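Trainee: File name upload_20.cif; file contents mmCIF, C-alpha atoms and all ligand atoms; full text below.
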data_work
loop_
_atom_site.label_atom_id
_atom_site.label_comp_id
_atom_site.auth_asym_id
_atom_site.auth_seq_id
_atom_site.Cartn_x
_atom_site.Cartn_y
_atom_site.Cartn_z
CA LEU A 297 13.92 5.85 39.95
CA THR A 298 15.84 2.61 39.54
CA ASN A 299 12.74 0.99 38.09
CA PHE A 300 12.40 3.82 35.68
CA ALA A 301 16.00 3.34 34.65
CA LEU A 302 15.02 -0.05 33.27
CA TYR A 303 13.09 1.77 30.60
CA LYS A 304 15.52 4.58 29.99
CA ARG A 305 16.38 4.89 26.38
CA ASP A 306 19.89 5.23 25.18
CA PRO A 307 19.40 7.44 22.12
CA HIS A 308 22.50 5.96 20.52
CA ALA A 309 21.60 2.34 20.98
CA ASP A 310 20.57 0.43 17.88
CA ILE A 311 17.09 -0.88 18.53
CA PRO A 312 16.63 -4.26 16.90
CA TRP A 313 13.79 -4.27 14.41
CA PHE A 314 10.59 -5.85 15.72
CA PRO A 315 7.19 -6.37 14.12
CA ARG A 316 4.54 -3.75 14.85
CA HIS A 317 1.69 -5.19 12.84
CA ILE A 318 0.58 -8.75 12.25
CA SER A 319 1.40 -8.41 8.55
CA GLU A 320 5.06 -7.82 9.44
CA LEU A 321 5.28 -11.42 10.58
CA ASP A 322 6.05 -12.06 6.92
CA LYS A 323 9.52 -10.84 7.88
CA CYS A 324 9.78 -13.14 10.90
CA SER A 325 10.43 -16.37 9.09
CA ASN A 326 14.16 -16.86 9.29
CA CYS A 327 14.86 -20.50 9.92
CA VAL A 328 17.60 -21.97 12.04
CA THR A 329 18.81 -25.23 10.61
CA LYS A 330 19.45 -27.91 13.14
CA TYR A 331 18.88 -31.31 11.59
CA GLU A 332 19.25 -31.19 7.83
CA PRO A 333 18.27 -34.57 6.30
CA THR A 334 20.39 -33.92 3.18
CA THR A 335 23.63 -33.77 5.10
CA ASP A 336 23.07 -34.85 8.67
CA PRO A 337 23.26 -38.62 9.28
CA ARG A 338 21.47 -38.12 12.63
CA HIS A 339 18.31 -37.16 10.71
CA PRO A 340 16.11 -40.24 10.21
CA GLY A 341 15.32 -39.13 6.64
CA ASN A 342 18.98 -38.92 5.64
CA GLY A 343 19.43 -40.78 2.35
CA ASP A 344 15.67 -40.89 1.58
CA ASP A 345 15.48 -38.76 -1.56
CA VAL A 346 11.69 -38.89 -1.93
CA TYR A 347 11.24 -37.70 1.63
CA ILE A 348 13.86 -34.97 1.22
CA ALA A 349 12.27 -33.70 -2.01
CA ARG A 350 8.78 -33.56 -0.46
CA ARG A 351 10.10 -31.82 2.64
CA LYS A 352 11.88 -29.26 0.50
CA PHE A 353 8.79 -28.64 -1.64
CA LEU A 354 6.69 -27.89 1.45
CA ASN A 355 9.36 -25.70 3.04
CA ASP A 356 9.81 -23.68 -0.16
CA GLN A 357 6.09 -23.04 -0.27
CA ALA A 358 6.02 -21.97 3.37
CA SER A 359 8.88 -19.53 2.80
CA GLN A 360 6.85 -17.85 0.06
CA TYR A 361 3.84 -17.38 2.34
CA LYS A 362 2.74 -13.78 2.63
CA GLN A 363 -0.15 -12.24 4.43
CA ARG A 364 -2.10 -10.82 1.53
CA ASN A 365 -5.08 -8.59 1.96
CA LEU A 366 -6.68 -9.76 -1.26
CA GLN A 367 -6.53 -13.33 0.07
CA PHE A 368 -8.24 -12.20 3.29
CA LEU A 369 -10.98 -10.52 1.29
CA LEU A 370 -11.50 -13.76 -0.65
CA ASP A 371 -11.31 -15.95 2.47
CA GLU A 372 -13.82 -13.80 4.32
CA GLY A 373 -16.18 -13.94 1.36
CA VAL A 374 -16.14 -10.15 0.93
CA ILE A 375 -14.93 -10.53 -2.65
CA THR A 376 -16.16 -13.61 -4.52
CA THR A 377 -16.16 -14.62 -8.15
CA ASP A 378 -19.93 -14.91 -8.51
CA ARG A 379 -21.21 -11.48 -7.52
CA ILE A 380 -20.29 -7.85 -7.04
CA PRO A 381 -20.18 -6.93 -3.36
CA GLN A 382 -22.12 -4.04 -1.88
CA LEU A 383 -20.07 -1.09 -0.68
CA ARG A 384 -21.59 -1.64 2.76
CA ARG A 385 -19.96 -5.06 3.01
CA ILE A 386 -16.58 -3.75 1.84
CA ASN A 387 -16.84 -0.93 4.34
CA GLU A 388 -17.47 -3.28 7.26
CA TYR A 389 -14.25 -4.99 6.32
CA LEU A 390 -12.16 -1.86 5.77
CA GLN A 391 -13.46 -0.24 8.93
CA LYS A 392 -12.00 -3.06 10.96
CA LYS A 393 -8.68 -2.94 9.15
CA THR A 394 -7.81 0.74 8.80
CA GLY A 395 -10.98 2.76 9.23
CA PHE A 396 -11.18 3.56 5.52
CA ILE A 397 -14.62 3.76 3.93
CA LEU A 398 -15.73 3.92 0.33
CA ARG A 399 -18.46 6.28 -0.77
CA PRO A 400 -19.93 6.26 -4.23
CA CYS A 401 -19.20 9.13 -6.59
CA SER A 402 -20.79 9.74 -9.94
CA GLY A 403 -17.75 10.46 -12.09
CA LEU A 404 -14.36 12.05 -12.18
CA LEU A 405 -13.95 14.50 -9.31
CA SER A 406 -11.75 17.54 -9.12
CA ALA A 407 -8.39 16.70 -7.56
CA ARG A 408 -9.18 19.08 -4.69
CA ASP A 409 -12.42 17.29 -3.76
CA PHE A 410 -11.01 13.84 -4.25
CA LEU A 411 -7.94 14.51 -2.10
CA ALA A 412 -9.96 16.26 0.61
CA SER A 413 -11.98 13.11 1.20
CA LEU A 414 -8.79 11.12 1.79
CA ALA A 415 -8.07 13.36 4.79
CA PHE A 416 -11.06 11.66 6.45
CA ARG A 417 -10.09 8.18 5.24
CA VAL A 418 -12.95 8.33 2.81
CA PHE A 419 -12.40 7.09 -0.71
CA GLN A 420 -14.70 8.28 -3.48
CA THR A 421 -15.39 5.32 -5.65
CA THR A 422 -16.94 4.68 -9.05
CA THR A 423 -19.61 1.98 -9.30
CA TYR A 424 -19.79 1.15 -13.02
CA LEU A 425 -17.79 -1.55 -14.82
CA ARG A 426 -15.22 -1.13 -17.58
CA HIS A 427 -16.22 -2.01 -21.11
CA GLY A 428 -15.83 -5.68 -22.00
CA ALA A 429 -13.81 -4.75 -25.10
CA SER A 430 -10.71 -4.07 -22.99
CA PRO A 431 -10.72 -6.07 -19.75
CA HIS A 432 -6.98 -5.72 -19.12
CA HIS A 433 -6.87 -1.96 -19.17
CA SER A 434 -9.35 0.82 -18.64
CA PRO A 435 -8.39 4.46 -19.13
CA GLU A 436 -10.70 5.49 -16.29
CA PRO A 437 -11.42 4.08 -12.86
CA ASP A 438 -14.20 1.48 -12.62
CA LEU A 439 -15.48 -1.00 -10.06
CA ILE A 440 -12.77 -3.58 -10.81
CA HIS A 441 -10.09 -0.98 -10.30
CA GLU A 442 -11.61 0.20 -7.02
CA LEU A 443 -12.33 -3.25 -5.58
CA LEU A 444 -9.30 -5.24 -6.70
CA GLY A 445 -6.83 -2.36 -6.88
CA HIS A 446 -7.66 0.03 -4.05
CA VAL A 447 -9.56 -2.00 -1.47
CA PRO A 448 -6.76 -4.48 -0.61
CA MET A 449 -4.29 -1.58 -0.49
CA PHE A 450 -6.49 0.54 1.79
CA ALA A 451 -6.55 -2.46 4.14
CA ASP A 452 -2.82 -1.88 4.60
CA PRO A 453 -2.09 0.49 7.52
CA LEU A 454 0.81 2.25 5.81
CA ILE A 455 -0.98 2.80 2.51
CA ALA A 456 -4.01 4.02 4.45
CA GLN A 457 -1.81 6.45 6.36
CA MET A 458 -0.02 7.64 3.24
CA SER A 459 -3.35 8.30 1.52
CA GLN A 460 -4.68 10.21 4.51
CA ASP A 461 -1.45 12.22 4.76
CA ILE A 462 -1.80 13.32 1.13
CA GLY A 463 -5.40 14.24 1.89
CA LEU A 464 -4.49 16.27 4.97
CA MET A 465 -1.77 18.12 3.05
CA SER A 466 -4.31 19.06 0.40
CA LEU A 467 -6.71 20.88 2.73
CA GLY A 468 -6.61 24.59 2.04
CA ALA A 469 -3.64 24.16 -0.30
CA THR A 470 -3.04 26.40 -3.32
CA ASP A 471 -3.98 25.18 -6.82
CA GLU A 472 -0.33 24.62 -7.56
CA GLN A 473 0.15 22.52 -4.43
CA ILE A 474 -2.96 20.49 -5.24
CA GLU A 475 -1.53 19.71 -8.65
CA LYS A 476 1.68 18.44 -7.05
CA LEU A 477 -0.16 16.34 -4.47
CA ALA A 478 -2.41 14.83 -7.13
CA THR A 479 0.71 13.93 -9.11
CA VAL A 480 2.37 12.27 -6.11
CA TYR A 481 -0.87 10.41 -5.45
CA TRP A 482 -0.91 9.28 -9.07
CA PHE A 483 2.63 7.96 -9.05
CA ILE A 484 2.54 6.21 -5.70
CA ILE A 485 -1.02 5.21 -4.80
CA GLU A 486 -2.09 4.55 -8.40
CA PHE A 487 1.09 3.53 -10.23
CA GLY A 488 3.76 3.05 -7.59
CA LEU A 489 6.22 0.21 -7.65
CA CYS A 490 8.44 -0.97 -4.86
CA ARG A 491 11.32 -3.35 -4.54
CA GLU A 492 11.05 -6.59 -2.62
CA ASP A 493 13.86 -9.16 -2.54
CA GLY A 494 15.43 -7.45 -5.55
CA LYS A 495 12.24 -7.74 -7.60
CA LEU A 496 9.85 -5.02 -8.71
CA LYS A 497 6.39 -5.30 -7.16
CA ALA A 498 3.33 -3.15 -7.76
CA ILE A 499 1.82 -1.18 -4.93
CA GLY A 500 -0.27 1.08 -7.14
CA ALA A 501 -3.96 0.28 -7.51
CA GLY A 502 -3.90 1.25 -11.21
CA LEU A 503 -1.42 -1.57 -11.81
CA LEU A 504 -3.07 -4.14 -9.58
CA SER A 505 -6.32 -3.80 -11.53
CA ALA A 506 -4.75 -3.75 -15.00
CA TYR A 507 -3.02 -7.02 -15.79
CA GLY A 508 -1.70 -5.68 -19.10
CA GLU A 509 -0.06 -2.64 -17.57
CA LEU A 510 1.23 -4.61 -14.60
CA MET A 511 3.34 -6.79 -16.91
CA HIS A 512 4.55 -3.69 -18.76
CA ALA A 513 5.43 -1.81 -15.54
CA CYS A 514 7.63 -4.60 -14.20
CA SER A 515 9.39 -5.17 -17.54
CA ASP A 516 12.43 -3.36 -18.95
CA VAL A 517 10.32 -1.35 -21.40
CA PRO A 518 9.38 1.70 -19.26
CA GLU A 519 11.73 3.95 -17.39
CA HIS A 520 12.09 3.42 -13.62
CA LYS A 521 13.12 6.21 -11.27
CA GLU A 522 13.54 6.26 -7.53
CA PHE A 523 10.50 7.61 -5.69
CA ASP A 524 11.31 11.07 -4.38
CA PRO A 525 8.20 13.19 -3.75
CA ALA A 526 9.87 16.49 -4.65
CA ILE A 527 10.80 15.12 -8.10
CA THR A 528 7.73 12.93 -8.50
CA ALA A 529 5.42 15.89 -7.77
CA VAL A 530 6.46 17.72 -10.96
CA GLN A 531 6.58 14.77 -13.34
CA LYS A 532 4.08 14.80 -16.23
CA TYR A 533 1.87 11.73 -16.30
CA GLU A 534 -0.01 9.68 -18.86
CA ASP A 535 -3.65 9.02 -18.14
CA SER A 536 -4.90 7.41 -21.31
CA ASP A 537 -2.39 4.62 -21.88
CA TYR A 538 0.38 2.65 -20.11
CA GLN A 539 2.84 4.87 -18.26
CA PRO A 540 6.23 5.38 -19.91
CA LEU A 541 7.78 6.02 -16.47
CA TYR A 542 7.27 4.57 -12.99
CA PHE A 543 8.63 5.59 -9.63
CA VAL A 544 10.05 2.85 -7.43
CA ALA A 545 10.03 3.08 -3.63
CA ASN A 546 12.40 1.12 -1.40
CA SER A 547 9.42 0.05 0.66
CA ILE A 548 5.97 1.38 1.52
CA GLN A 549 7.35 2.55 4.85
CA ASP A 550 10.18 4.42 3.16
CA ALA A 551 7.71 6.06 0.76
CA LEU A 552 5.63 7.22 3.73
CA MET A 553 8.66 8.70 5.45
CA LYS A 554 9.75 10.53 2.30
CA LEU A 555 6.24 11.86 1.86
CA ARG A 556 6.23 13.23 5.40
CA GLN A 557 9.59 14.87 4.79
CA PHE A 558 8.12 16.43 1.64
CA ALA A 559 5.10 17.67 3.59
CA LEU A 560 7.41 19.79 5.73
CA SER A 561 8.52 21.64 2.60
CA MET A 562 4.97 22.62 1.65
CA GLU A 563 4.13 26.06 2.94
CA ARG A 564 0.73 26.55 4.49
CA PRO A 565 -0.21 29.18 7.05
CA PHE A 566 -1.80 26.60 9.33
CA SER A 567 -1.52 22.93 10.11
CA VAL A 568 -4.22 20.34 10.50
CA VAL A 569 -4.77 17.37 12.74
CA TYR A 570 -7.42 14.75 12.14
CA ASN A 571 -9.45 13.84 15.18
CA PRO A 572 -10.79 10.32 14.64
CA PHE A 573 -13.12 10.51 17.66
CA THR A 574 -15.12 13.33 16.14
CA GLN A 575 -14.18 12.60 12.51
CA SER A 576 -13.16 16.19 12.09
CA VAL A 577 -10.13 18.16 11.08
CA GLU A 578 -8.79 20.57 13.64
CA VAL A 579 -6.97 23.59 12.30
CA ILE A 580 -3.98 24.81 14.23
CA GLU A 581 -3.14 28.40 13.34
CA GLN A 582 0.41 29.59 13.68
CA THR A 583 0.69 32.47 16.11
N1 LIG B 601 -5.85 1.53 -15.82
C1 LIG B 601 -6.52 1.10 -14.62
C2 LIG B 601 -7.29 -0.19 -14.87
O1 LIG B 601 -7.39 -0.62 -15.98
O2 LIG B 601 -7.77 -0.77 -13.91
C3 LIG B 601 -7.44 2.17 -14.11
C4 LIG B 601 -6.69 3.42 -13.78
C5 LIG B 601 -7.48 4.44 -12.99
C6 LIG B 601 -6.65 5.60 -12.63
FE FE2 B 602 -7.68 4.79 -8.54
#
Would you encode the structure as structure tokens?
Mentor:
Amino acid sequence: LTNFALYKRDPHADIPWFPRHISELDKCSNCVTKYEPTTDPRHPGNGDDVYIARRKFLNDQASQYKQRNLQFLLDEGVITTDRIPQLRRINEYLQKKTGFILRPCSGLLSARDFLASLAFRVFQTTTYLRHGASPHHSPEPDLIHELLGHVPMFADPLIAQMSQDIGLMSLGATDEQIEKLATVYWFIIEFGLCREDGKLKAIGAGLLSAYGELMHACSDVPEHKEFDPAITAVQKYEDSDYQPLYFVANSIQDALMKLRQFALSMERPFSVVYNPFTQSVEVIEQT
């Protein structure tokens, strides 16, 4: 019992934040300053301006370092500049990261079918390329959008979870609920923004694959509203041109939590659990 007490949790204690995924080490880079050559005469470089400038340059670069999934895809040779990768190769990569897989689809799917596949961590993907006349923006998904927009994001555990959650919520939902879920998907997974260090950053795949719209989204031109699934779900969206309005999340984690809160408000006479061992959805009826 005394041993057990070591692990007893005080529900009121503030638990210090700690990283739960390797990517969160981006947040573990606070430096303690001990010997500062600019001011500390004990530092051998004190007074050496060239040394101090070079040291600062390298430190500034290191502080900007982020684990980026796109960089991993490039480093591992999954995405290269000289050829289009096979879905099989992308899938090997995604399977290791989050279990997501891409499967080819032959055009625009109904929202119901598209969302249902997300419940299984399957992403239906187009395989043709956008027309060369407009490389910075395509009104419809294409291979560039899927590979450079979605794939790095599906390698992120929280985005993968958020996508699957939307998928699970869609199973057996009414037409009206599907419409809302497709709209939330649109505004967060396709065109979502989030704040990082006071700056707007894109998390949506539709922005990451469209340089032109990305610049527009982070400028003062469009309207920005706080991401709130209940409000976002009923917002009209633009699918042929740049969005006039974007929703901004505090963080991907916060967006996921809000989405789960929203899920509780959606009535459905049963709930579902995904069983990854059998790759099936188990339906739990309310009794
Ligand atoms: N506008 C995006 C692009 O150019 O990559 C595609 C959006 C698909 C919803
Ligand atoms: Fe997309």
Trainee: Quick one: residues within 10 Å of Gln473 in chain A, all atoms listed in the file counted, chain neighbours fewer than 3 positions away excluded, as a list of chain:residue names?
Mentor: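 Final neighbour list, sorted by chain and number: A:Arg408, A:Met465, A:Ser466, A:Gly468, A:Ala469, A:Thr470, A:Lys476, A:Leu477, A:Ala478, A:Thr479, A:Ala529, A:Met562, A:Glu563, A:Arg564.
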Trainee: Determine, using all atoms listed in the file, which residues of chain A have any atom at most 8 Å from an atom of ligand FE2 602 (chain B), and tabulate each with its shortest atom pair and distance in Å to one decimal place, rows ordered by chain and then rising number, as a Markdown table.
Mentor:
| residue | atom | partner | partner_atom | distance |
| --- | --- | --- | --- | --- |
| A:Pro437 | CA | B:FE2_602 | FE | 5.8 |
| A:His441 | CA | B:FE2_602 | FE | 6.5 |
| A:Glu442 | CA | B:FE2_602 | FE | 6.2 |
| A:Gly445 | CA | B:FE2_602 | FE | 7.4 |
| A:His446 | CA | B:FE2_602 | FE | 6.5 |
| A:Ile485 | CA | B:FE2_602 | FE | 7.6 |
| A:Glu486 | CA | B:FE2_602 | FE | 5.6 |
| A:Ala501 | CA | B:FE2_602 | FE | 5.9 |
| A:Gly502 | CA | B:FE2_602 | FE | 5.8 |
Trainee: Could I get the residue neighbourhood of ligand LIG 601 (chain B) at 10 Å, counting only C-alpha atoms and all ligand atoms, as number ranges by chain?
Mentor: A: 426, 430-446, 482, 485-487, 500-510, 534-539
Trainee: Have a look at A:Met458, A:Leu555, A:Val577, A:Ala309 and name the one nearest to Asp524 in chain A; count only C-alpha atoms.
Mentor: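 Nearest candidate to Asp524 in chain A out of A:Met458, A:Leu555, A:Val577, A:Ala309: A:Leu555.
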Trainee: Have a look at A:His427, A:Asp550, A:Asp516, A:Lys532 and name the one nearest to Ile455 in chain A; count only C-alpha atoms.
Mentor: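 For Ile455 in chain A, the nearest of the candidates is A:Asp550.
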Trainee: Please provide the set of residues having any atom within 9 Å of Ala412 in chain A, restricted to all atoms listed in the file, with same-chain residues fewer than 3 positions apart removed, written as a PyMOL selection string.
Mentor: chain A and resi 407-409+415-416+418+460+462-467
Trainee: If you measure from CA of Phe368 in chain A to CA of Lys495 in chain A, what distance in Å do you get, rounded to one decimal?
Mentor: 23.6 Å
